[in-house]
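Participant: Pasting in a structure now, in structure tokens, and then I'll have a few things to ask.
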Amino acid sequence: MLVSVKKGMFLCLITAMILVLAACSSGGGDNANGSSQQFAESSATNAAADGEQTDADASAAAETTYPVTVSNYTTENGTWVAKEQTFDKAPERVVANTQGAAELMIRLGLTDKLVGVAALFGSVPEDIADEFKKIPVLAEGYVGKEVTIGASPDLIMGRGGLFEDADWGVGTVNSLNDMGIKTFVQSTSVTDASLDSLYKDITELGEIFNVQANAAAYIEELKVREEALKARASAETINYASFSDNGDGTIAVYNGNGDTFIESAMSLINVHNMLINETGTLSLEKLIEINPDVMIISKYAGGIDPQETIDKLLANKQVQSINAVKNKKIYVIDFNNFWGYGDSIFTGVENLADDMGL
């Protein structure tokens, strides 16, 4: 492993990254290994020592009375707006338009409801890999509306940007609803999302599928991990920028303008995207100007090996003044962890904290 550089693969084209997303506090090196896990275990032990109320509360979670209505989303003139979805009973045939959405269903004990998954762009967590294998794969990449409808779903869920009438989209929310198919757009994938959006999604999925106890218990697990990450946070703000390969050997700079969910998660360890408020195409000159402490590149199944792109960046004489380049503070992140818009965001931030020695 390169000093502070973790091997992986990366999103091959900046246009692919755009498509993906449109279609789509102190710590030290001494605690680098396993501090989140140790904190989580300690918290869990303390919770148990406090009494048995937590388990009792989870088991006493409300049962869903159908019909149940949740506030979800559709688009109007390119803007996300509220649209309710009413369920007369728990859905039986669900298509997840991304790997991350399917993983979240598995975590809630709903594997048997899944009749299709697409967009397998990252690593599946080992502890649910066997369950994931049970789900029919509609497409390794993005799946179109025709194939999606062919799975006869009564619910299509997942990343908001993929609810489009396009080759890579499952169809618009309104068109699917007109066909009698319910939709669940992850609130983590719409405007101004945060970690609270993830907890909202889990709560509402619990209501829709009448697994409210599972949902409540899982939220508590994630909140323990959230606190563990806060305990590892850098004493000083670490500013980063993301980059990719244009596909022709040149470096592309990615602003992450809509990635508020990722920003919310990264802020747990006091790591922040310097370009999140930027728009349009960004140049290397802009990267030199902002001079990030750290640079991040995504590992993307089927894409260019990010190590190749990292090597090109390190060899580029134009960017040698950038702190991240000078200090070789360049890290690889798993695409699914961050752009799966699900619970694996915690794994992604935990792994990054490990790599950064927090």
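All residue names refer to the structure tokens as shown: chains lettered A, B, ... in order, residues numbered from 1 in each chain, ligands numbered from 1 in order.
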When you look at Gly249 (chain A) with a cut-off of 8 Å (counting only C-alpha atoms), what residues show up, excluding the ones that are within fewer than 4 positions of it in the same chain? I need them as a compact mmCIF listing (two decimals) with all heavy atoms, in the first residue's frame.

Facilitator:
# COMPACT_ATOMS: atom_id res chain seq x y z
N ASP A 245 -10.24 10.14 -13.28
CA ASP A 245 -9.56 10.07 -14.57
C ASP A 245 -10.57 10.40 -15.65
O ASP A 245 -11.66 9.82 -15.68
CB ASP A 245 -8.99 8.67 -14.78
CG ASP A 245 -8.01 8.60 -15.94
OD1 ASP A 245 -8.35 9.10 -17.02
OD2 ASP A 245 -6.92 8.03 -15.76
N THR A 309 -4.46 6.26 -11.82
CA THR A 309 -4.76 7.69 -11.79
C THR A 309 -3.95 8.39 -10.70
O THR A 309 -3.47 9.51 -10.88
CB THR A 309 -6.26 7.90 -11.55
OG1 THR A 309 -7.00 7.11 -12.49
CG2 THR A 309 -6.64 9.36 -11.74
N LYS A 312 -0.46 8.97 -11.95
CA LYS A 312 -0.41 10.09 -12.89
C LYS A 312 -0.45 11.42 -12.14
O LYS A 312 0.26 12.38 -12.50
CB LYS A 312 -1.59 10.01 -13.85
CG LYS A 312 -1.51 8.85 -14.84
CD LYS A 312 -2.80 8.75 -15.64
CE LYS A 312 -2.77 7.50 -16.54
NZ LYS A 312 -4.06 7.31 -17.24

Participant: Go through region 145-243 of chain A and flag each residue having an atom no more than 12 Å from region 256-270 of chain A; for those, report the closest pair of atoms plus their distance in Å to one decimal, using only C-alpha atoms, ordered by chain and rising number, as a tab-separated table.

Facilitator:
residue	atom	partner	partner_atom	distance
A:Gly161	CA	A:Gly258	CA	11.1
A:Gln186	CA	A:Phe261	CA	11.1
A:Ser187	CA	A:Phe261	CA	9.4
A:Thr188	CA	A:Phe261	CA	6.0
A:Ser189	CA	A:Phe261	CA	7.4
A:Val190	CA	A:Gly258	CA	8.3
A:Thr191	CA	A:Gly258	CA	6.9
A:Asp192	CA	A:Thr260	CA	5.7
A:Ala193	CA	A:Phe261	CA	4.9
A:Ser194	CA	A:Phe261	CA	4.3
A:Leu195	CA	A:Ser264	CA	6.1
A:Asp196	CA	A:Phe261	CA	9.0
A:Ser197	CA	A:Phe261	CA	8.0
A:Leu198	CA	A:Phe261	CA	8.7
A:Tyr199	CA	A:Phe261	CA	11.8
A:Leu222	CA	A:Ala265	CA	11.8
A:Lys223	CA	A:Leu268	CA	11.6
A:Arg225	CA	A:Leu268	CA	10.3
A:Glu226	CA	A:Leu268	CA	7.3
A:Glu227	CA	A:Leu268	CA	8.3
A:Ala228	CA	A:Leu268	CA	9.1
A:Leu229	CA	A:Leu268	CA	5.9
A:Lys230	CA	A:Leu268	CA	5.0
A:Ala231	CA	A:Ile269	CA	7.9
A:Arg232	CA	A:Ile269	CA	6.2
A:Ala233	CA	A:Ile269	CA	3.7
A:Ser234	CA	A:Asn270	CA	5.6
A:Ala235	CA	A:Asn270	CA	7.7
A:Glu236	CA	A:Asn270	CA	7.2
A:Thr237	CA	A:Asn270	CA	5.2
A:Ile238	CA	A:Asn270	CA	6.3
A:Asn239	CA	A:Asn270	CA	8.6
A:Tyr240	CA	A:Met266	CA	10.3
A:Ala241	CA	A:Gly256	CA	8.8
A:Ser242	CA	A:Gly256	CA	7.8
A:Phe243	CA	A:Gly256	CA	10.0

Participant: Among the residues of region 189-255 of chain A, find those DSSP assigns to strand (DSSP E or B) from the backbone and print them as a list in words.

Facilitator: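 Restricting region 189-255 of chain A to strand (DSSP E or B) produces Ile238, Asn239, Tyr240, Ala241, Ser242, Phe243, Ser244, Asp245, Ile251, Ala252, Val253 and Tyr254 of chain A.
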
Participant: Go ahead and save the residues from that selection, with N, CA and C atoms, as a PDB file, in the first residue's frame.

Facilitator:
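Contents of part_39.pdb, freshly written:
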ATOM      1  N   ILE A 238      -9.911  18.712   8.394  1.00  0.00           N
ATOM      2  CA  ILE A 238      -9.165  18.177   7.254  1.00  0.00           C
ATOM      3  C   ILE A 238      -9.974  18.458   6.000  1.00  0.00           C
ATOM      4  N   ASN A 239      -9.427  19.268   5.113  1.00  0.00           N
ATOM      5  CA  ASN A 239     -10.133  19.636   3.883  1.00  0.00           C
ATOM      6  C   ASN A 239      -9.680  18.739   2.730  1.00  0.00           C
ATOM      7  N   TYR A 240     -10.669  18.238   1.983  1.00  0.00           N
ATOM      8  CA  TYR A 240     -10.319  17.336   0.887  1.00  0.00           C
ATOM      9  C   TYR A 240     -10.965  17.782  -0.419  1.00  0.00           C
ATOM     10  N   ALA A 241     -10.447  17.211  -1.502  1.00  0.00           N
ATOM     11  CA  ALA A 241     -11.041  17.374  -2.823  1.00  0.00           C
ATOM     12  C   ALA A 241     -11.042  16.007  -3.503  1.00  0.00           C
ATOM     13  N   SER A 242     -12.027  15.775  -4.354  1.00  0.00           N
ATOM     14  CA  SER A 242     -12.134  14.504  -5.072  1.00  0.00           C
ATOM     15  C   SER A 242     -11.647  14.669  -6.505  1.00  0.00           C
ATOM     16  N   PHE A 243     -11.052  13.612  -7.028  1.00  0.00           N
ATOM     17  CA  PHE A 243     -10.581  13.658  -8.413  1.00  0.00           C
ATOM     18  C   PHE A 243     -10.843  12.320  -9.085  1.00  0.00           C
ATOM     19  N   SER A 244     -10.694  12.312 -10.412  1.00  0.00           N
ATOM     20  CA  SER A 244     -10.932  11.104 -11.194  1.00  0.00           C
ATOM     21  C   SER A 244     -10.075  11.146 -12.447  1.00  0.00           C
ATOM     22  N   ASP A 245     -10.238  10.135 -13.276  1.00  0.00           N
ATOM     23  CA  ASP A 245      -9.559  10.072 -14.565  1.00  0.00           C
ATOM     24  C   ASP A 245     -10.574  10.395 -15.649  1.00  0.00           C
ATOM     25  N   ILE A 251      -6.454  14.334 -15.550  1.00  0.00           N
ATOM     26  CA  ILE A 251      -7.109  14.355 -14.249  1.00  0.00           C
ATOM     27  C   ILE A 251      -8.339  15.243 -14.298  1.00  0.00           C
ATOM     28  N   ALA A 252      -9.437  14.744 -13.735  1.00  0.00           N
ATOM     29  CA  ALA A 252     -10.665  15.533 -13.619  1.00  0.00           C
ATOM     30  C   ALA A 252     -10.910  15.829 -12.142  1.00  0.00           C
ATOM     31  N   VAL A 253     -11.407  17.008 -11.849  1.00  0.00           N
ATOM     32  CA  VAL A 253     -11.719  17.423 -10.487  1.00  0.00           C
ATOM     33  C   VAL A 253     -13.232  17.382 -10.310  1.00  0.00           C
ATOM     34  N   TYR A 254     -13.678  16.739  -9.251  1.00  0.00           N
ATOM     35  CA  TYR A 254     -15.116  16.558  -9.009  1.00  0.00           C
ATOM     36  C   TYR A 254     -15.555  17.421  -7.826  1.00  0.00           C
TER      37      TYR A 254
END

Participant: Applying 9 Å and only C-alpha atoms, which residues near region 337-341 of chain A remain after dropping the ones on its own chain fewer than 2 positions away? List them as a ChimeraX atom specification.

Facilitator: /A:20-21,24,98-101,121-123,158-159,186-189,198,259,261-262,298,333-335,343-349

Participant: Please identify every residue of region 185-301 of chain A that has at least one atom no farther than 10 Å from an atom of region 320-323 of chain A, counting only C-alpha atoms, and for each give the shortest atom pair and the distance in Å to one decimal, arranged by chain then increasing number, as CSV.

Facilitator:
residue,atom,partner,partner_atom,distance
A:Leu287,CA,A:Ile322,CA,7.9
A:Ile288,CA,A:Ile322,CA,5.9
A:Glu289,CA,A:Ile322,CA,8.5
A:Ile290,CA,A:Ile322,CA,8.5
A:Asn291,CA,A:Ile322,CA,5.0
A:Pro292,CA,A:Asn323,CA,6.2
A:Asp293,CA,A:Asn323,CA,5.3
A:Val294,CA,A:Asn323,CA,7.4
A:Met295,CA,A:Asn323,CA,9.3

Participant: Dump all heavy atoms for the selected residues as a PDB file, in the first residue's frame?

Facilitator:
ATOM      1  N   LEU A 287      -7.818  23.307  -8.373  1.00  0.00           N
ATOM      2  CA  LEU A 287      -7.305  22.380  -7.370  1.00  0.00           C
ATOM      3  C   LEU A 287      -6.054  22.963  -6.705  1.00  0.00           C
ATOM      4  O   LEU A 287      -5.887  22.890  -5.485  1.00  0.00           O
ATOM      5  CB  LEU A 287      -6.983  21.042  -8.019  1.00  0.00           C
ATOM      6  CG  LEU A 287      -6.772  19.832  -7.117  1.00  0.00           C
ATOM      7  CD1 LEU A 287      -8.025  19.521  -6.318  1.00  0.00           C
ATOM      8  CD2 LEU A 287      -6.358  18.624  -7.942  1.00  0.00           C
ATOM      9  N   ILE A 288      -5.190  23.536  -7.516  1.00  0.00           N
ATOM     10  CA  ILE A 288      -3.964  24.160  -6.991  1.00  0.00           C
ATOM     11  C   ILE A 288      -4.326  25.347  -6.095  1.00  0.00           C
ATOM     12  O   ILE A 288      -3.736  25.551  -5.034  1.00  0.00           O
ATOM     13  CB  ILE A 288      -3.058  24.604  -8.152  1.00  0.00           C
ATOM     14  CG1 ILE A 288      -2.577  23.378  -8.941  1.00  0.00           C
ATOM     15  CG2 ILE A 288      -1.879  25.420  -7.629  1.00  0.00           C
ATOM     16  CD1 ILE A 288      -1.942  23.706 -10.272  1.00  0.00           C
ATOM     17  N   GLU A 289      -5.330  26.088  -6.507  1.00  0.00           N
ATOM     18  CA  GLU A 289      -5.752  27.271  -5.750  1.00  0.00           C
ATOM     19  C   GLU A 289      -6.264  26.909  -4.352  1.00  0.00           C
ATOM     20  O   GLU A 289      -5.897  27.555  -3.361  1.00  0.00           O
ATOM     21  CB  GLU A 289      -6.844  28.006  -6.528  1.00  0.00           C
ATOM     22  CG  GLU A 289      -7.451  29.192  -5.784  1.00  0.00           C
ATOM     23  CD  GLU A 289      -8.681  29.739  -6.496  1.00  0.00           C
ATOM     24  OE1 GLU A 289      -8.793  29.587  -7.726  1.00  0.00           O
ATOM     25  OE2 GLU A 289      -9.535  30.308  -5.790  1.00  0.00           O
ATOM     26  N   ILE A 290      -7.111  25.885  -4.271  1.00  0.00           N
ATOM     27  CA  ILE A 290      -7.700  25.548  -2.964  1.00  0.00           C
ATOM     28  C   ILE A 290      -6.729  24.759  -2.087  1.00  0.00           C
ATOM     29  O   ILE A 290      -6.879  24.730  -0.876  1.00  0.00           O
ATOM     30  CB  ILE A 290      -9.016  24.772  -3.118  1.00  0.00           C
ATOM     31  CG1 ILE A 290      -8.792  23.416  -3.814  1.00  0.00           C
ATOM     32  CG2 ILE A 290     -10.043  25.604  -3.876  1.00  0.00           C
ATOM     33  CD1 ILE A 290     -10.007  22.525  -3.790  1.00  0.00           C
ATOM     34  N   ASN A 291      -5.766  24.068  -2.697  1.00  0.00           N
ATOM     35  CA  ASN A 291      -4.688  23.382  -1.990  1.00  0.00           C
ATOM     36  C   ASN A 291      -5.214  22.452  -0.890  1.00  0.00           C
ATOM     37  O   ASN A 291      -4.975  22.688   0.309  1.00  0.00           O
ATOM     38  CB  ASN A 291      -3.718  24.396  -1.400  1.00  0.00           C
ATOM     39  CG  ASN A 291      -2.436  23.748  -0.891  1.00  0.00           C
ATOM     40  OD1 ASN A 291      -2.076  22.645  -1.314  1.00  0.00           O
ATOM     41  ND2 ASN A 291      -1.749  24.421   0.018  1.00  0.00           N
ATOM     42  N   PRO A 292      -5.907  21.383  -1.254  1.00  0.00           N
ATOM     43  CA  PRO A 292      -6.476  20.486  -0.236  1.00  0.00           C
ATOM     44  C   PRO A 292      -5.409  19.741   0.561  1.00  0.00           C
ATOM     45  O   PRO A 292      -4.342  19.424   0.052  1.00  0.00           O
ATOM     46  CB  PRO A 292      -7.318  19.512  -1.067  1.00  0.00           C
ATOM     47  CG  PRO A 292      -6.659  19.509  -2.415  1.00  0.00           C
ATOM     48  CD  PRO A 292      -6.180  20.918  -2.622  1.00  0.00           C
ATOM     49  N   ASP A 293      -5.756  19.437   1.818  1.00  0.00           N
ATOM     50  CA  ASP A 293      -4.878  18.631   2.664  1.00  0.00           C
ATOM     51  C   ASP A 293      -4.861  17.180   2.217  1.00  0.00           C
ATOM     52  O   ASP A 293      -3.854  16.481   2.371  1.00  0.00           O
ATOM     53  CB  ASP A 293      -5.362  18.655   4.124  1.00  0.00           C
ATOM     54  CG  ASP A 293      -5.494  20.061   4.674  1.00  0.00           C
ATOM     55  OD1 ASP A 293      -4.548  20.835   4.497  1.00  0.00           O
ATOM     56  OD2 ASP A 293      -6.543  20.367   5.278  1.00  0.00           O
ATOM     57  N   VAL A 294      -6.007  16.746   1.691  1.00  0.00           N
ATOM     58  CA  VAL A 294      -6.230  15.343   1.339  1.00  0.00           C
ATOM     59  C   VAL A 294      -6.943  15.301   0.001  1.00  0.00           C
ATOM     60  O   VAL A 294      -7.719  16.202  -0.332  1.00  0.00           O
ATOM     61  CB  VAL A 294      -7.094  14.664   2.438  1.00  0.00           C
ATOM     62  CG1 VAL A 294      -7.745  13.386   1.942  1.00  0.00           C
ATOM     63  CG2 VAL A 294      -6.267  14.390   3.682  1.00  0.00           C
ATOM     64  N   MET A 295      -6.681  14.237  -0.768  1.00  0.00           N
ATOM     65  CA  MET A 295      -7.440  14.012  -1.997  1.00  0.00           C
ATOM     66  C   MET A 295      -8.014  12.605  -1.965  1.00  0.00           C
ATOM     67  O   MET A 295      -7.432  11.682  -1.382  1.00  0.00           O
ATOM     68  CB  MET A 295      -6.575  14.246  -3.224  1.00  0.00           C
ATOM     69  CG  MET A 295      -6.198  15.718  -3.396  1.00  0.00           C
ATOM     70  SD  MET A 295      -5.224  16.052  -4.879  1.00  0.00           S
ATOM     71  CE  MET A 295      -6.427  15.696  -6.153  1.00  0.00           C
TER      72      MET A 295
END

Participant: Closest to Ala62 (chain A) among A:Ile106, A:Ala213, A:Ala119, A:Leu138, using only C-alpha atoms?

Facilitator: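 Of A:Ile106, A:Ala213, A:Ala119, A:Leu138, the one nearest Ala62 (chain A) is A:Ala213, counting only C-alpha atoms.
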
Participant: Would you pick out the contacts of Asn214 (chain A) at 6 Å or less, using only C-alpha atoms, so that residues sharing its chain but fewer than 3 positions from it are not included, and give the list as a PyMOL selection string?

Facilitator: chain A and resi 108+211+217

Participant: Nearest residue to Gly116 (chain A) out of A:Asn327, A:Thr279, A:Gln307, A:Ser152, using only C-alpha atoms?

Facilitator: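 Using only C-alpha atoms, the shortest distance to Gly116 (chain A) belongs to A:Ser152.
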
Participant: I'd like the interatomic distance between CA of Asp130 (chain A) and CA of Ile149 (chain A), to a tenth of an Å.

Facilitator: 25.6 Å

Participant: Please provide the set of residues having any atom within 9 Å of region 82-97 of chain A, restricted to only C-alpha atoms, with same-chain residues fewer than 2 positions apart removed, written as a PyMOL selection string.

Facilitator: chain A and resi 65-75+80+99-102+105+112-119+138+142-143+148+151-159+162-163+169-170+177+182-184+207-210

Participant: Take the residues from that selection and put them in a file with C-alpha atoms, as a PDB file, in the first residue's frame.

Facilitator:
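Listed below is the output, part09.pdb:
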ATOM      1  CA  THR A  65     -51.823  -0.703  10.629  1.00  0.00           C
ATOM      2  CA  TYR A  66     -52.576  -0.664   6.927  1.00  0.00           C
ATOM      3  CA  PRO A  67     -53.160   1.365   4.900  1.00  0.00           C
ATOM      4  CA  VAL A  68     -50.051   3.327   5.850  1.00  0.00           C
ATOM      5  CA  THR A  69     -48.961   6.537   4.134  1.00  0.00           C
ATOM      6  CA  VAL A  70     -45.421   7.902   4.048  1.00  0.00           C
ATOM      7  CA  SER A  71     -44.179  11.181   2.645  1.00  0.00           C
ATOM      8  CA  ASN A  72     -41.795  10.504  -0.226  1.00  0.00           C
ATOM      9  CA  TYR A  73     -40.656  12.286  -3.376  1.00  0.00           C
ATOM     10  CA  THR A  74     -41.133  12.975  -7.047  1.00  0.00           C
ATOM     11  CA  THR A  75     -39.689  15.603  -9.378  1.00  0.00           C
ATOM     12  CA  TRP A  80     -37.566  17.255  -5.785  1.00  0.00           C
ATOM     13  CA  GLN A  99     -26.753  -2.305  -4.447  1.00  0.00           C
ATOM     14  CA  GLY A 100     -26.912   0.033  -1.456  1.00  0.00           C
ATOM     15  CA  ALA A 101     -30.713  -0.003  -1.392  1.00  0.00           C
ATOM     16  CA  ALA A 102     -30.743  -3.809  -1.477  1.00  0.00           C
ATOM     17  CA  MET A 105     -33.376  -4.131   2.899  1.00  0.00           C
ATOM     18  CA  ASP A 112     -37.157 -12.393   0.657  1.00  0.00           C
ATOM     19  CA  LYS A 113     -39.015  -9.316  -0.607  1.00  0.00           C
ATOM     20  CA  LEU A 114     -36.350  -8.481  -3.206  1.00  0.00           C
ATOM     21  CA  VAL A 115     -36.962  -9.669  -6.775  1.00  0.00           C
ATOM     22  CA  GLY A 116     -34.208  -7.642  -8.389  1.00  0.00           C
ATOM     23  CA  VAL A 117     -31.152  -5.459  -7.867  1.00  0.00           C
ATOM     24  CA  ALA A 118     -28.905  -3.446 -10.173  1.00  0.00           C
ATOM     25  CA  ALA A 119     -25.871  -1.142 -10.094  1.00  0.00           C
ATOM     26  CA  LEU A 138     -31.249  -7.422 -13.212  1.00  0.00           C
ATOM     27  CA  TYR A 142     -27.827   0.571 -14.220  1.00  0.00           C
ATOM     28  CA  VAL A 143     -31.092  -1.080 -15.211  1.00  0.00           C
ATOM     29  CA  THR A 148     -37.302  -3.352 -14.187  1.00  0.00           C
ATOM     30  CA  ALA A 151     -39.560  -8.248 -12.747  1.00  0.00           C
ATOM     31  CA  SER A 152     -43.225  -7.472 -11.883  1.00  0.00           C
ATOM     32  CA  PRO A 153     -42.444  -5.286  -8.856  1.00  0.00           C
ATOM     33  CA  ASP A 154     -45.074  -3.772  -6.605  1.00  0.00           C
ATOM     34  CA  LEU A 155     -42.402  -1.405  -5.222  1.00  0.00           C
ATOM     35  CA  ILE A 156     -39.295   0.123  -6.790  1.00  0.00           C
ATOM     36  CA  MET A 157     -36.889   1.737  -4.349  1.00  0.00           C
ATOM     37  CA  GLY A 158     -33.483   3.329  -4.323  1.00  0.00           C
ATOM     38  CA  ARG A 159     -31.462   6.297  -5.519  1.00  0.00           C
ATOM     39  CA  LEU A 162     -32.257   6.792 -11.268  1.00  0.00           C
ATOM     40  CA  PHE A 163     -36.003   7.437 -11.336  1.00  0.00           C
ATOM     41  CA  GLY A 169     -33.339   4.768 -15.397  1.00  0.00           C
ATOM     42  CA  VAL A 170     -36.173   2.692 -13.915  1.00  0.00           C
ATOM     43  CA  ASN A 177     -47.249   5.265  -9.876  1.00  0.00           C
ATOM     44  CA  LYS A 182     -45.280   2.177  -5.589  1.00  0.00           C
ATOM     45  CA  THR A 183     -41.975   4.012  -5.287  1.00  0.00           C
ATOM     46  CA  PHE A 184     -39.594   4.760  -2.430  1.00  0.00           C
ATOM     47  CA  GLU A 207     -43.441   1.147   8.790  1.00  0.00           C
ATOM     48  CA  ILE A 208     -44.030   0.101   5.191  1.00  0.00           C
ATOM     49  CA  PHE A 209     -42.929  -3.496   5.759  1.00  0.00           C
ATOM     50  CA  ASN A 210     -44.171  -3.794   9.351  1.00  0.00           C
TER      51      ASN A 210
END

Participant: Name the residues of region 56-86 of chain A that fall into helix (DSSP H, G or I) according to DSSP on the backbone, using the chain letters and numbers of this document, as a list in words.

Facilitator: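 Matching residues, listed in order: Ala56, Asp57, Ala58 and Ser59 of chain A.
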
Participant: Generate a file of the selected residues that holds all heavy atoms, formatted as a compact mmCIF listing (two decimals), in the first residue's frame.

Facilitator:
# COMPACT_ATOMS: atom_id res chain seq x y z
N ALA A 56 -36.52 -4.09 25.47
CA ALA A 56 -37.97 -4.04 25.67
C ALA A 56 -38.60 -3.00 24.77
O ALA A 56 -39.66 -3.22 24.18
CB ALA A 56 -38.27 -3.73 27.14
N ASP A 57 -37.92 -1.84 24.66
CA ASP A 57 -38.46 -0.79 23.80
C ASP A 57 -38.52 -1.25 22.35
O ASP A 57 -39.48 -0.97 21.63
CB ASP A 57 -37.59 0.47 23.90
CG ASP A 57 -37.75 1.16 25.25
OD1 ASP A 57 -38.70 0.82 25.97
OD2 ASP A 57 -36.89 2.00 25.58
N ALA A 58 -37.45 -1.94 21.88
CA ALA A 58 -37.41 -2.39 20.49
C ALA A 58 -38.51 -3.40 20.21
O ALA A 58 -39.19 -3.34 19.18
CB ALA A 58 -36.04 -3.00 20.18
N SER A 59 -38.69 -4.35 21.15
CA SER A 59 -39.69 -5.39 20.93
C SER A 59 -41.10 -4.83 21.00
O SER A 59 -42.04 -5.42 20.48
CB SER A 59 -39.51 -6.51 21.96
OG SER A 59 -39.73 -6.02 23.27

Participant: To one decimal place in Å, what is the distance between CA of Thr250 (chain A) and CA of Ala315 (chain A)?

Facilitator: 11.7 Å
